[in-house]
Amino acid sequence: MLQKQPWHKLSHLLGARGVKADWTGFPDKLLKPTNDLAETHPCFGRCGGYMDVVRHGDGSFVGVCSSGCDKRALRKTDLIVYRPDFTTIFSGLAQAFGINGVVHTEMDGLPACWQIGEYNPAASYRFPVVVMIEAQASRIERAIGQLAARFQKPFFVLLPSAPSVTQSVQDVVLRNSAKVFAYEDMIEFANDVIQVRSNASSILSELAAGWIKNIDGNHGGFRYPTPAGATWGDLVFEFTADEKLTVSCKNNRFQQICPEDLVMRNKRNKTPLPSWAFLKQLALTNNQMPVADIEKLKKVKQEVSGKLKKAFAMDDDPIEYVSGDNIYRAKFAIRANSSFATQEQKTKNCRRLTH
Ligand SMILES: [Zn+2]
């Protein structure tokens, strides 16, 4: 049986700090005592307000309601200020996003915003995940605007409970190509631990797929399914024919690629562009391509790098110049399979005989 989830408490208390009486309903196990003693305490009377705490000379405490409805002795333990165990709560949320190695950092200049990591669904696509402990719509909206300006790409915002996700918050989020979730939809506290609700991951992957499609919109062409966390070193390129290349990642995700997939075919005369020949040359030289004139090759090399980065959705340059050996070398493995290599050799010999 699902208990009523207490996450809204996180945003209803100023600075997420309060005495035990403030945290009624919030799981004890998710609270940590601070060294501070409160100067006010919820009133037990009808006013629904707070009592001022008066400390007497003998060390005893008395709560006095400012509306005059109650006055009573309080124990020191009643006044201890508790903060939520953010590490545990944010770890639960991070788990819902499949984020590893989370660092919880309160964001500079953005009060009540904590970045708990980045959601990395594929290749080098990373979308920041921000938790807010804020319930007031106008403040949430302002913070989302600031986050959008800072990130310049889609991001996720997590708010304590569904009522914080008002229509106007939704509108602001949509305008800033972000997505907002309520904690209570993603995690629950059950059996004394934070548990991830099962449906979270499918929502996220669908969303991220949409964003990626949008980011790739201008590219439009072929996209290799590079898994998250992959590096160029995980990829193997193998030429099997003059215009055929098989790419795999860790012996998986085999894809046959031809020049047009990498935008390496001349549209008018249909022949492969120099960038394709460059790749083939890397393969035929076992990834040690001699550089006769770097000024001549530089431009083609840049073109190859740019097209590969796009097709594989990676950030870093896949081809490096090794000055000691005066060669170009790819960070991925690249070779020609034996039948293609032999065929290339024959063609070469044949040319030699006829000329
Ligand atoms: Zn009162």
# chains A, B, ... in the order shown; residues from 1 in each chain; ligands from 1
call {"tool": "residues_near_ligand", "arguments": {"ligand": "ligand 1", "cutoff": "7 Å", "atoms": "only C-alpha atoms and all ligand atoms", "output": "PyMOL selection string"}}
result
chain A and resi 43-51+65-70
call {"tool": "residues_around", "arguments": {"residues": "A:Ala162", "least_positions_apart": "6", "cutoff": "9 Å", "atoms": "only C-alpha atoms", "output": "NGL selection string"}}
result
:A and (8 or 181-185)
call {"tool": "write_last_selection", "arguments": {"atoms": "C-alpha atoms", "output": "compact mmCIF listing (two decimals), in the first residue's frame"}}
result
# COMPACT_ATOMS: atom_id res chain seq x y z
CA HIS A 8 6.17 18.55 -0.42
CA PHE A 181 8.83 16.16 -12.84
CA ALA A 182 7.50 15.92 -9.32
CA TYR A 183 9.65 13.87 -6.95
CA GLU A 184 6.55 12.02 -5.86
CA ASP A 185 6.15 10.65 -9.36
call {"tool": "atom_distance", "arguments": {"atom1": "atom CA of A:Val54", "atom2": "atom CA of A:Lys32"}}
result
24.2 Å
call {"tool": "closest_atom_pairs", "arguments": {"of": "stretch 179-246 of chain A", "to": "stretch 333-339 of chain A", "cutoff": "9 Å", "atoms": "only C-alpha atoms", "output": "Markdown table"}}
result
| residue | atom | partner | partner_atom | distance |
| --- | --- | --- | --- | --- |
| A:Trp232 | CA | A:Ala333 | CA | 8.5 |
| A:Gly233 | CA | A:Ala333 | CA | 7.0 |
| A:Asp234 | CA | A:Ala333 | CA | 8.2 |
| A:Leu235 | CA | A:Ala333 | CA | 6.4 |
| A:Val236 | CA | A:Ala333 | CA | 4.7 |
| A:Phe237 | CA | A:Ile334 | CA | 4.5 |
| A:Glu238 | CA | A:Arg335 | CA | 5.0 |
| A:Phe239 | CA | A:Ala336 | CA | 4.6 |
| A:Thr240 | CA | A:Asn337 | CA | 5.6 |
| A:Ala241 | CA | A:Ser339 | CA | 8.3 |
| A:Leu245 | CA | A:Ala336 | CA | 8.8 |
call {"tool": "atom_distance", "arguments": {"atom1": "atom CA of A:Arg268", "atom2": "atom CA of A:Ala311"}}
result
22.1 Å
call {"tool": "closest_residue", "arguments": {"among": "A:Pro160, A:Pro27, A:Pro84, A:Pro33", "to": "A:Trp7", "atoms": "only C-alpha atoms"}}
result
A:Pro160
call {"tool": "residues_around", "arguments": {"residues": "stretch 285-291 of chain A", "least_positions_apart": "2", "cutoff": "6 Å", "atoms": "only C-alpha atoms", "output": "list in words"}}
result
Leu282, Ala283, Asp293, Ile294, Asn326, Ile327, Tyr328, Arg329, Ile334 and Arg335 of chain A
call {"tool": "closest_residue", "arguments": {"among": "A:Thr87, A:Gln136, A:Gln115, A:Thr24", "to": "A:Leu158", "atoms": "only C-alpha atoms"}}
result
A:Gln115
call {"tool": "closest_residue", "arguments": {"among": "A:Ser164, A:Gln152, A:Gln256, A:Thr40", "to": "A:Arg139", "atoms": "only C-alpha atoms"}}
result
A:Ser164
call {"tool": "closest_residue", "arguments": {"among": "A:Leu174, A:Val62, A:Ala292, A:Ile133", "to": "A:Pro154", "atoms": "only C-alpha atoms"}}
result
A:Leu174
call {"tool": "residues_around", "arguments": {"residues": "A:Trp211", "least_positions_apart": "2", "cutoff": "10 Å", "atoms": "only C-alpha atoms", "output": "list in words"}}
result
Tyr125, Phe127, Lys153, Pro154, Phe155, Ser177, Ala178, Ser205, Glu206, Leu207, Ala208, Ala209, Lys213, Asn214, Ile215, Asp216 and Gly217 of chain A
call {"tool": "residues_around", "arguments": {"residues": "A:Gly221", "least_positions_apart": "3", "cutoff": "8 Å", "atoms": "only C-alpha atoms", "output": "list in words"}}
result
Asp261, Leu262, Val263 and Ala311 of chain A
call {"tool": "write_last_selection", "arguments": {"atoms": "N, CA and C atoms", "output": "tab-separated table (two decimals), in the first residue's frame"}}
result
chain	number	residue	atom	x	y	z
A	261	ASP	N	26.06	7.74	-46.12
A	261	ASP	CA	25.71	7.80	-44.70
A	261	ASP	C	26.54	8.85	-43.98
A	262	LEU	N	27.78	8.98	-44.40
A	262	LEU	CA	28.67	9.95	-43.75
A	262	LEU	C	28.75	11.26	-44.52
A	263	VAL	N	27.81	11.44	-45.46
A	263	VAL	CA	27.79	12.61	-46.33
A	263	VAL	C	29.14	12.75	-47.04
A	311	ALA	N	28.06	12.04	-37.11
A	311	ALA	CA	27.43	10.74	-37.33
A	311	ALA	C	27.47	9.87	-36.07
call {"tool": "select_by_dssp", "arguments": {"residues": "stretch 91-127 of chain A", "states": "helix (DSSP H, G or I)", "output": "list of chain:residue names"}}
result
A:Ser91, A:Gly92, A:Leu93, A:Ala94, A:Gln95, A:Ala96
call {"tool": "atom_distance", "arguments": {"atom1": "atom CA of A:Glu303", "atom2": "atom CA of A:Lys250"}}
result
25.5 Å
call {"tool": "select_by_dssp", "arguments": {"residues": "stretch 170-274 of chain A", "states": "strand (DSSP E or B)", "output": "PDB file with N, CA and C atoms, in the first residue's frame"}}
result
ATOM      1  N   ALA A 178      12.714  22.446 -21.489  1.00  0.00           N
ATOM      2  CA  ALA A 178      13.069  21.626 -20.332  1.00  0.00           C
ATOM      3  C   ALA A 178      11.900  20.688 -20.038  1.00  0.00           C
ATOM      4  N   LYS A 179      12.051  19.857 -19.022  1.00  0.00           N
ATOM      5  CA  LYS A 179      10.954  18.990 -18.630  1.00  0.00           C
ATOM      6  C   LYS A 179      10.940  18.949 -17.113  1.00  0.00           C
ATOM      7  N   VAL A 180       9.747  19.045 -16.571  1.00  0.00           N
ATOM      8  CA  VAL A 180       9.643  19.082 -15.121  1.00  0.00           C
ATOM      9  C   VAL A 180       8.948  17.812 -14.615  1.00  0.00           C
ATOM     10  N   PHE A 181       9.436  17.311 -13.512  1.00  0.00           N
ATOM     11  CA  PHE A 181       8.829  16.165 -12.843  1.00  0.00           C
ATOM     12  C   PHE A 181       8.605  16.494 -11.378  1.00  0.00           C
ATOM     13  N   ALA A 182       7.659  15.822 -10.768  1.00  0.00           N
ATOM     14  CA  ALA A 182       7.500  15.917  -9.319  1.00  0.00           C
ATOM     15  C   ALA A 182       8.213  14.727  -8.693  1.00  0.00           C
ATOM     16  N   ILE A 187      10.117   8.893  -7.113  1.00  0.00           N
ATOM     17  CA  ILE A 187      10.637   8.062  -6.023  1.00  0.00           C
ATOM     18  C   ILE A 187       9.604   7.950  -4.914  1.00  0.00           C
ATOM     19  N   GLU A 188       9.719   6.924  -4.117  1.00  0.00           N
ATOM     20  CA  GLU A 188       8.883   6.836  -2.924  1.00  0.00           C
ATOM     21  C   GLU A 188       9.701   6.258  -1.789  1.00  0.00           C
ATOM     22  N   PHE A 189       9.259   6.609  -0.580  1.00  0.00           N
ATOM     23  CA  PHE A 189       9.940   6.082   0.588  1.00  0.00           C
ATOM     24  C   PHE A 189       9.117   4.915   1.082  1.00  0.00           C
ATOM     25  N   ALA A 190       9.672   3.728   0.938  1.00  0.00           N
ATOM     26  CA  ALA A 190       8.929   2.538   1.338  1.00  0.00           C
ATOM     27  C   ALA A 190       9.895   1.534   1.934  1.00  0.00           C
ATOM     28  N   VAL A 193      13.467   2.651   2.851  1.00  0.00           N
ATOM     29  CA  VAL A 193      14.457   3.123   1.871  1.00  0.00           C
ATOM     30  C   VAL A 193      13.760   3.866   0.737  1.00  0.00           C
ATOM     31  N   ILE A 194      14.567   4.669   0.035  1.00  0.00           N
ATOM     32  CA  ILE A 194      14.054   5.352  -1.151  1.00  0.00           C
ATOM     33  C   ILE A 194      13.984   4.328  -2.272  1.00  0.00           C
ATOM     34  N   GLN A 195      12.835   4.265  -2.924  1.00  0.00           N
ATOM     35  CA  GLN A 195      12.707   3.331  -4.034  1.00  0.00           C
ATOM     36  C   GLN A 195      12.311   4.084  -5.295  1.00  0.00           C
ATOM     37  N   VAL A 196      12.870   3.621  -6.390  1.00  0.00           N
ATOM     38  CA  VAL A 196      12.586   4.254  -7.669  1.00  0.00           C
ATOM     39  C   VAL A 196      11.309   3.646  -8.224  1.00  0.00           C
ATOM     40  N   PRO A 227      26.460   4.172 -27.822  1.00  0.00           N
ATOM     41  CA  PRO A 227      25.915   4.096 -26.460  1.00  0.00           C
ATOM     42  C   PRO A 227      26.515   5.174 -25.555  1.00  0.00           C
ATOM     43  N   LEU A 235      35.261   1.847 -30.698  1.00  0.00           N
ATOM     44  CA  LEU A 235      34.715   1.594 -32.039  1.00  0.00           C
ATOM     45  C   LEU A 235      35.736   0.930 -32.965  1.00  0.00           C
ATOM     46  N   VAL A 236      35.212   0.057 -33.821  1.00  0.00           N
ATOM     47  CA  VAL A 236      36.061  -0.596 -34.827  1.00  0.00           C
ATOM     48  C   VAL A 236      35.457  -0.338 -36.205  1.00  0.00           C
ATOM     49  N   PHE A 237      36.275   0.212 -37.114  1.00  0.00           N
ATOM     50  CA  PHE A 237      35.859   0.451 -38.498  1.00  0.00           C
ATOM     51  C   PHE A 237      36.549  -0.596 -39.374  1.00  0.00           C
ATOM     52  N   GLU A 238      35.763  -1.285 -40.180  1.00  0.00           N
ATOM     53  CA  GLU A 238      36.381  -2.260 -41.077  1.00  0.00           C
ATOM     54  C   GLU A 238      35.831  -2.097 -42.490  1.00  0.00           C
ATOM     55  N   PHE A 239      36.734  -1.805 -43.434  1.00  0.00           N
ATOM     56  CA  PHE A 239      36.324  -1.729 -44.839  1.00  0.00           C
ATOM     57  C   PHE A 239      36.165  -3.139 -45.374  1.00  0.00           C
ATOM     58  N   THR A 240      35.007  -3.419 -45.982  1.00  0.00           N
ATOM     59  CA  THR A 240      34.782  -4.740 -46.570  1.00  0.00           C
ATOM     60  C   THR A 240      34.735  -4.636 -48.087  1.00  0.00           C
ATOM     61  N   ALA A 241      34.590  -3.443 -48.594  1.00  0.00           N
ATOM     62  CA  ALA A 241      34.610  -3.202 -50.040  1.00  0.00           C
ATOM     63  C   ALA A 241      34.923  -1.726 -50.252  1.00  0.00           C
ATOM     64  N   LYS A 244      32.123   0.208 -48.858  1.00  0.00           N
ATOM     65  CA  LYS A 244      31.398  -0.411 -47.743  1.00  0.00           C
ATOM     66  C   LYS A 244      32.298  -0.498 -46.528  1.00  0.00           C
ATOM     67  N   LEU A 245      31.690  -0.113 -45.409  1.00  0.00           N
ATOM     68  CA  LEU A 245      32.422  -0.049 -44.166  1.00  0.00           C
ATOM     69  C   LEU A 245      31.513  -0.633 -43.092  1.00  0.00           C
ATOM     70  N   THR A 246      32.065  -1.501 -42.244  1.00  0.00           N
ATOM     71  CA  THR A 246      31.262  -2.006 -41.132  1.00  0.00           C
ATOM     72  C   THR A 246      31.808  -1.405 -39.847  1.00  0.00           C
ATOM     73  N   VAL A 247      30.913  -0.828 -39.067  1.00  0.00           N
ATOM     74  CA  VAL A 247      31.345  -0.235 -37.797  1.00  0.00           C
ATOM     75  C   VAL A 247      30.694  -0.998 -36.653  1.00  0.00           C
ATOM     76  N   SER A 248      31.469  -1.253 -35.620  1.00  0.00           N
ATOM     77  CA  SER A 248      30.907  -1.900 -34.436  1.00  0.00           C
ATOM     78  C   SER A 248      31.440  -1.216 -33.185  1.00  0.00           C
ATOM     79  N   CYS A 249      30.738  -1.429 -32.089  1.00  0.00           N
ATOM     80  CA  CYS A 249      31.160  -0.857 -30.816  1.00  0.00           C
ATOM     81  C   CYS A 249      31.253  -1.986 -29.805  1.00  0.00           C
ATOM     82  N   ASN A 252      29.637  -5.128 -30.883  1.00  0.00           N
ATOM     83  CA  ASN A 252      28.198  -5.022 -30.812  1.00  0.00           C
ATOM     84  C   ASN A 252      27.742  -3.926 -31.767  1.00  0.00           C
ATOM     85  N   ARG A 253      26.441  -3.823 -31.961  1.00  0.00           N
ATOM     86  CA  ARG A 253      25.891  -2.734 -32.779  1.00  0.00           C
ATOM     87  C   ARG A 253      26.566  -2.630 -34.154  1.00  0.00           C
ATOM     88  N   PHE A 254      26.656  -3.736 -34.861  1.00  0.00           N
ATOM     89  CA  PHE A 254      27.275  -3.730 -36.193  1.00  0.00           C
ATOM     90  C   PHE A 254      26.391  -2.957 -37.160  1.00  0.00           C
ATOM     91  N   GLN A 255      27.009  -2.054 -37.897  1.00  0.00           N
ATOM     92  CA  GLN A 255      26.257  -1.250 -38.864  1.00  0.00           C
ATOM     93  C   GLN A 255      27.063  -1.158 -40.142  1.00  0.00           C
ATOM     94  N   GLN A 256      26.388  -1.373 -41.266  1.00  0.00           N
ATOM     95  CA  GLN A 256      27.083  -1.187 -42.520  1.00  0.00           C
ATOM     96  C   GLN A 256      26.911   0.260 -42.974  1.00  0.00           C
ATOM     97  N   ILE A 257      28.010   0.861 -43.313  1.00  0.00           N
ATOM     98  CA  ILE A 257      27.998   2.280 -43.646  1.00  0.00           C
ATOM     99  C   ILE A 257      28.555   2.491 -45.048  1.00  0.00           C
ATOM    100  N   ARG A 265      29.648  11.486 -50.318  1.00  0.00           N
ATOM    101  CA  ARG A 265      29.519  11.181 -51.738  1.00  0.00           C
ATOM    102  C   ARG A 265      29.164  12.455 -52.500  1.00  0.00           C
ATOM    103  N   PRO A 272      32.666   8.865 -54.456  1.00  0.00           N
ATOM    104  CA  PRO A 272      32.982   9.207 -53.068  1.00  0.00           C
ATOM    105  C   PRO A 272      33.894  10.426 -53.018  1.00  0.00           C
TER     106      PRO A 272
END
call {"tool": "closest_residue", "arguments": {"among": "A:Ala112, A:Ala137, A:Leu273, A:Ala148", "to": "A:Val169", "atoms": "only C-alpha atoms"}}
result
A:Ala137
